[in-house]
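For reference, the structure is listed below as structure tokens.
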Amino acid sequence: MIENPNEWPPRYDNDYFPSPQERYWFKDLETMDPSRRDEIILKKLKAQIAYAYERAPFYRKKWEESGIHPDQVKSLEDFTKIPLVYKNEIREEQAKNPPFGSYLCIPPQEVFRIHGTSGTTGKPTAFAIGRDDWERIGNAHARIMWAFGLRPGDSVFIGSFFSLYLGSWGALAGAERLRLTCFPFGAGLPGQTLMALRWIKEIQPTAFYGTPSFALYLAERAREEGYEPAKDFSFKIMFFSGEPGAGIPSTKKKIEENFNCKCLDSGTMAEMTPWMTNGECEFRTGMHLWQDIVYTELLDPETKKVVDYGQEGVPVYTHLERTSQPMIRLYSADLATWTNEPCPCGRTYPRLPKGVYGRVDDMFIVRGENIYPSGVEEALRAVKGLGEEFRIIITREKTMDELMVQAEYSKEIAAKAQTDPHILEKLKGEMEEKLKSVIGVRANVQLMEPGKIERTQFKARRVIDKRDLYK
């Protein structure tokens, strides 16, 4: 329950819970006519940008240079005149005004939590979150996890890094607000996966959070240790972020078959925490955009104009409840398609029916075709006989790009190959044919023995672009 619906920023009643049988956390808000909800969104949006203009020199300077003032925003259409913010701007701003940048809207001594990026693609970005914001994040995530189907009495195994990475902590904040039994196990240490298997078998948690690649790795290691995940573990709900895999139908199916569970996709950007505001419901028809918490637009990557429903675009996110380090029209560089078609759950939010399936800057072009790693994954996982991992290697011979896909074959195929020397050749042909039909480009498949490709307990690195070696 919101204590005062007319107050900004909102304050939530931390003792509020719907009935466990209730499908919705806030039924009226989640099922109302979108035009009515837009009025609520606009009211929060105007309060958010007025607050940022007053307290954040970064935004005030940026908007004044663009000739826009918060008072001019009288509609959601007017809001599209607010200039976009790009991640490189955030890094540059923090370099000029360390450590948090001049878009921090609270005194530094009021910062409750500090998180950040790993810095693997540049200078790390620092996230400063106030205590009240962290409480609102927990409430938002609890509300969305309720839509997953989680209820008090469930237990959640959190199998991702507890470090600067915000994903684990955000999942924990929501689980604690939801009064789940929390099992913040973590990931990444030597031997930790084997230890996880023993704990999962012993404690029998009913929910799992991590990355899709780690879940598949966990299933693989479980079988090596003599477990059968679908029978020996009790996960009924597994929810993911950090990678597009949980939104890819074949990967989702594989996770659900491995663990006999429901696989749910979620996730926006760490800067946008509460990042679950792109999140599926129990019907798993794609991620709902919880527009009254984080307002999302889908823009054409070239024109930067909002695209119609049914079209592909780049999600652009705006906080509606953030007082510490608000992001306003943050350009994600992700790619998605959105729809306003009804969902069986009855919520009236727009959805991303295919999830977030690529990135503008992760997309690679081979012989004139735009290719996304998720497209390669969808093709490969549709072929029976694929093992657990694959990777994409792009090279250039003179002026011609070459695409190689290294793919492990399954242990069942390995066993059959002992007596059937043609089975690997047949599998390679099936994979190459499927890839050609899905991505539109011929790929040379190199089959690998099970376990030969390096595993990860975090985000899989599956694209290696070596074209700069052949200039």
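Simple scheme: letters A, B, ... for chains in structure tokens order, numbers from 1 for residues in each chain, numbers from 1 for ligands in the order shown.
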
Surrounding residues of A:Ile365 excluding itself and chain neighbours under 2 positions, 12 Å, only C-alpha atoms, as a PDB file with C-alpha atoms, in the first residue's frame:
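As a result, selection.pdb now contains:
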ATOM      1  CA  VAL A 360      22.859  -2.057 -30.811  1.00  0.00           C
ATOM      2  CA  ASP A 361      26.528  -2.246 -29.905  1.00  0.00           C
ATOM      3  CA  ASP A 362      26.575  -6.063 -29.532  1.00  0.00           C
ATOM      4  CA  MET A 363      25.043  -6.553 -32.920  1.00  0.00           C
ATOM      5  CA  ARG A 367      28.286  -9.986 -45.134  1.00  0.00           C
ATOM      6  CA  GLY A 368      25.595  -7.332 -44.823  1.00  0.00           C
ATOM      7  CA  GLU A 369      23.410  -9.177 -42.317  1.00  0.00           C
ATOM      8  CA  ASN A 370      22.678  -7.842 -38.823  1.00  0.00           C
ATOM      9  CA  ILE A 371      23.287 -10.711 -36.399  1.00  0.00           C
ATOM     10  CA  TYR A 372      22.627 -10.937 -32.678  1.00  0.00           C
ATOM     11  CA  PRO A 373      24.152 -13.557 -30.362  1.00  0.00           C
ATOM     12  CA  ILE A 394      34.238 -13.644 -36.392  1.00  0.00           C
ATOM     13  CA  THR A 395      37.296 -13.229 -38.607  1.00  0.00           C
ATOM     14  CA  ARG A 396      38.106 -11.458 -41.846  1.00  0.00           C
ATOM     15  CA  MET A 400      35.335 -11.227 -46.605  1.00  0.00           C
ATOM     16  CA  ASP A 401      33.958 -11.754 -43.103  1.00  0.00           C
ATOM     17  CA  GLU A 402      33.863 -15.320 -41.897  1.00  0.00           C
ATOM     18  CA  LEU A 403      31.590 -16.577 -39.142  1.00  0.00           C
ATOM     19  CA  ILE A 439      20.454 -15.624 -39.104  1.00  0.00           C
ATOM     20  CA  GLY A 440      20.583 -15.536 -42.913  1.00  0.00           C
ATOM     21  CA  VAL A 441      24.342 -16.116 -43.146  1.00  0.00           C
ATOM     22  CA  ASP A 465      35.489 -10.617 -32.899  1.00  0.00           C
ATOM     23  CA  ARG A 467      38.350  -8.920 -37.530  1.00  0.00           C
TER      24      ARG A 467
END

- Task: Give the helix (DSSP H, G or I) residues of stretch 411-463 of chain A, as assigned by DSSP on the backbone, as a PyMOL selection string.
- Result: chain A and resi 411-416+423-439

Restricted to N, CA and C atoms, what would the selected residues look like written as a PDB file, in the first residue's frame?
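In the end it all went to result.pdb:
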ATOM      1  N   LYS A 411      26.771 -35.261 -24.419  1.00  0.00           N
ATOM      2  CA  LYS A 411      27.415 -36.508 -24.011  1.00  0.00           C
ATOM      3  C   LYS A 411      26.754 -37.712 -24.687  1.00  0.00           C
ATOM      4  N   GLU A 412      25.440 -37.595 -24.967  1.00  0.00           N
ATOM      5  CA  GLU A 412      24.748 -38.675 -25.672  1.00  0.00           C
ATOM      6  C   GLU A 412      25.309 -38.838 -27.078  1.00  0.00           C
ATOM      7  N   ILE A 413      25.558 -37.698 -27.750  1.00  0.00           N
ATOM      8  CA  ILE A 413      26.157 -37.761 -29.085  1.00  0.00           C
ATOM      9  C   ILE A 413      27.573 -38.326 -29.006  1.00  0.00           C
ATOM     10  N   ALA A 414      28.304 -37.918 -27.971  1.00  0.00           N
ATOM     11  CA  ALA A 414      29.673 -38.421 -27.810  1.00  0.00           C
ATOM     12  C   ALA A 414      29.683 -39.943 -27.678  1.00  0.00           C
ATOM     13  N   ALA A 415      28.722 -40.484 -26.952  1.00  0.00           N
ATOM     14  CA  ALA A 415      28.650 -41.933 -26.768  1.00  0.00           C
ATOM     15  C   ALA A 415      28.304 -42.635 -28.085  1.00  0.00           C
ATOM     16  N   LYS A 416      27.355 -42.044 -28.824  1.00  0.00           N
ATOM     17  CA  LYS A 416      26.942 -42.655 -30.091  1.00  0.00           C
ATOM     18  C   LYS A 416      28.052 -42.587 -31.143  1.00  0.00           C
ATOM     19  N   ILE A 423      27.818 -39.561 -37.212  1.00  0.00           N
ATOM     20  CA  ILE A 423      26.833 -38.794 -36.451  1.00  0.00           C
ATOM     21  C   ILE A 423      27.278 -37.345 -36.220  1.00  0.00           C
ATOM     22  N   LEU A 424      28.587 -37.130 -36.041  1.00  0.00           N
ATOM     23  CA  LEU A 424      29.066 -35.762 -35.830  1.00  0.00           C
ATOM     24  C   LEU A 424      28.947 -34.942 -37.108  1.00  0.00           C
ATOM     25  N   GLU A 425      29.232 -35.549 -38.234  1.00  0.00           N
ATOM     26  CA  GLU A 425      29.096 -34.847 -39.514  1.00  0.00           C
ATOM     27  C   GLU A 425      27.634 -34.461 -39.756  1.00  0.00           C
ATOM     28  N   LYS A 426      26.735 -35.371 -39.402  1.00  0.00           N
ATOM     29  CA  LYS A 426      25.308 -35.081 -39.564  1.00  0.00           C
ATOM     30  C   LYS A 426      24.876 -33.938 -38.648  1.00  0.00           C
ATOM     31  N   LEU A 427      25.339 -33.960 -37.391  1.00  0.00           N
ATOM     32  CA  LEU A 427      24.994 -32.901 -36.438  1.00  0.00           C
ATOM     33  C   LEU A 427      25.523 -31.551 -36.916  1.00  0.00           C
ATOM     34  N   LYS A 428      26.754 -31.534 -37.393  1.00  0.00           N
ATOM     35  CA  LYS A 428      27.350 -30.293 -37.914  1.00  0.00           C
ATOM     36  C   LYS A 428      26.496 -29.743 -39.054  1.00  0.00           C
ATOM     37  N   GLY A 429      26.054 -30.602 -39.955  1.00  0.00           N
ATOM     38  CA  GLY A 429      25.218 -30.160 -41.067  1.00  0.00           C
ATOM     39  C   GLY A 429      23.884 -29.593 -40.603  1.00  0.00           C
ATOM     40  N   GLU A 430      23.267 -30.237 -39.610  1.00  0.00           N
ATOM     41  CA  GLU A 430      21.991 -29.749 -39.078  1.00  0.00           C
ATOM     42  C   GLU A 430      22.150 -28.369 -38.442  1.00  0.00           C
ATOM     43  N   MET A 431      23.238 -28.202 -37.716  1.00  0.00           N
ATOM     44  CA  MET A 431      23.469 -26.902 -37.067  1.00  0.00           C
ATOM     45  C   MET A 431      23.698 -25.814 -38.104  1.00  0.00           C
ATOM     46  N   GLU A 432      24.509 -26.099 -39.118  1.00  0.00           N
ATOM     47  CA  GLU A 432      24.794 -25.091 -40.142  1.00  0.00           C
ATOM     48  C   GLU A 432      23.528 -24.732 -40.911  1.00  0.00           C
ATOM     49  N   GLU A 433      22.693 -25.725 -41.187  1.00  0.00           N
ATOM     50  CA  GLU A 433      21.442 -25.460 -41.898  1.00  0.00           C
ATOM     51  C   GLU A 433      20.502 -24.608 -41.058  1.00  0.00           C
ATOM     52  N   LYS A 434      20.395 -24.929 -39.765  1.00  0.00           N
ATOM     53  CA  LYS A 434      19.522 -24.161 -38.875  1.00  0.00           C
ATOM     54  C   LYS A 434      20.018 -22.730 -38.714  1.00  0.00           C
ATOM     55  N   LEU A 435      21.319 -22.565 -38.556  1.00  0.00           N
ATOM     56  CA  LEU A 435      21.886 -21.221 -38.433  1.00  0.00           C
ATOM     57  C   LEU A 435      21.602 -20.394 -39.673  1.00  0.00           C
ATOM     58  N   LYS A 436      21.770 -20.979 -40.848  1.00  0.00           N
ATOM     59  CA  LYS A 436      21.529 -20.250 -42.098  1.00  0.00           C
ATOM     60  C   LYS A 436      20.082 -19.791 -42.186  1.00  0.00           C
ATOM     61  N   SER A 437      19.155 -20.651 -41.752  1.00  0.00           N
ATOM     62  CA  SER A 437      17.737 -20.294 -41.844  1.00  0.00           C
ATOM     63  C   SER A 437      17.344 -19.216 -40.845  1.00  0.00           C
ATOM     64  N   VAL A 438      18.030 -19.158 -39.703  1.00  0.00           N
ATOM     65  CA  VAL A 438      17.658 -18.196 -38.664  1.00  0.00           C
ATOM     66  C   VAL A 438      18.378 -16.867 -38.832  1.00  0.00           C
ATOM     67  N   ILE A 439      19.698 -16.886 -39.073  1.00  0.00           N
ATOM     68  CA  ILE A 439      20.454 -15.624 -39.104  1.00  0.00           C
ATOM     69  C   ILE A 439      20.729 -15.139 -40.519  1.00  0.00           C
TER      70      ILE A 439
END

- Item | Between atom CA of A:Tyr165 and atom CA of A:Thr117 - distance in Å to one decimal | 6.4 Å

- Item | Residue neighbourhood A:Lys252, 10 Å, only C-alpha atoms, exclusion window fewer than 4 positions, as a list in words |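 Listed by chain and then number, they are Pro212, Gly245, Ala246, Gly247, Ile248, Glu256, Glu257, Asn258, Lys262, Cys263, Leu264, Asp265 and Arg284 of chain A.
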
- Any idea what's packed within 12 Å of A:Gly267, counting only C-alpha atoms, ignoring anything in its chain fewer than 4 positions away? Could you give it as a PyMOL selection string? chain A and resi 141+144+166-168+170-171+209-211+239-247+271-280+286-290+294+315+317+332+334+352+355-357

- Query: Quick one, how far is atom CA of A:Leu299 from atom CA of A:Pro83?
  - Reply: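 Straight-line distance from atom CA of A:Leu299 to atom CA of A:Pro83 works out to 12.7 Å.
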
- Message: Calculated over only C-alpha atoms, which of the candidates A:Val366, A:Phe390, A:Ala379, A:Lys231 has the smallest distance to A:Arg442?
- Response: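 Of A:Val366, A:Phe390, A:Ala379, A:Lys231, the one nearest A:Arg442, counting only C-alpha atoms, is A:Val366.
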
- Between atom CA of A:Gly159 and atom CA of A:Ile293, what is the spacing in Å?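 Going from atom CA of A:Ile293 over to atom CA of A:Gly159, I get 25.9 Å.
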
- Query: Which one is closest to A:Ala175: A:Phe162, A:Pro152, A:Leu189, A:Glu220? Count only C-alpha atoms.
  - Reply: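 Using only C-alpha atoms, the shortest distance to A:Ala175 belongs to A:Pro152.
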
- Message: What's around A:Val306 at 10 Å? Count only C-alpha atoms, leave out sequence neighbours fewer than 6 positions away in its own chain, and write the answer as a PyMOL selection string.
- Response: chain A and resi 77+80+297-300+313-316

- Item | All strand (DSSP E) positions in stretch 227-444 of chain A, as a ChimeraX atom specification | /A:237-240,262-265,278-279,287-289,294-299,312-319,330-331,334-337,351-352,356-359,364-366,369-371,386-397,400-409,444

- Message: For A:Glu225, find every residue with an atom within 10 Å (counting only C-alpha atoms), except residues of its own chain fewer than 3 positions away, and show them as a ChimeraX atom specification.
- Response: /A:194,197-198,219-222,228

What does the file look like for those residues with C-alpha atoms, as a short mmCIF file (atom, residue, chain, number, x, y, z; two decimals), in the first residue's frame?
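Okay, this is what ended up in part.cif:
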data_model
loop_
_atom_site.label_atom_id
_atom_site.label_comp_id
_atom_site.auth_asym_id
_atom_site.auth_seq_id
_atom_site.Cartn_x
_atom_site.Cartn_y
_atom_site.Cartn_z
CA LEU A 194 29.88 -28.02 -6.22
CA LEU A 197 24.71 -28.38 -5.41
CA ARG A 198 25.06 -29.90 -1.96
CA ALA A 219 22.41 -28.49 -14.31
CA GLU A 220 25.43 -29.84 -16.19
CA ARG A 221 27.56 -30.10 -13.05
CA ALA A 222 24.64 -31.58 -11.11
CA GLU A 228 19.00 -35.17 -11.49
#
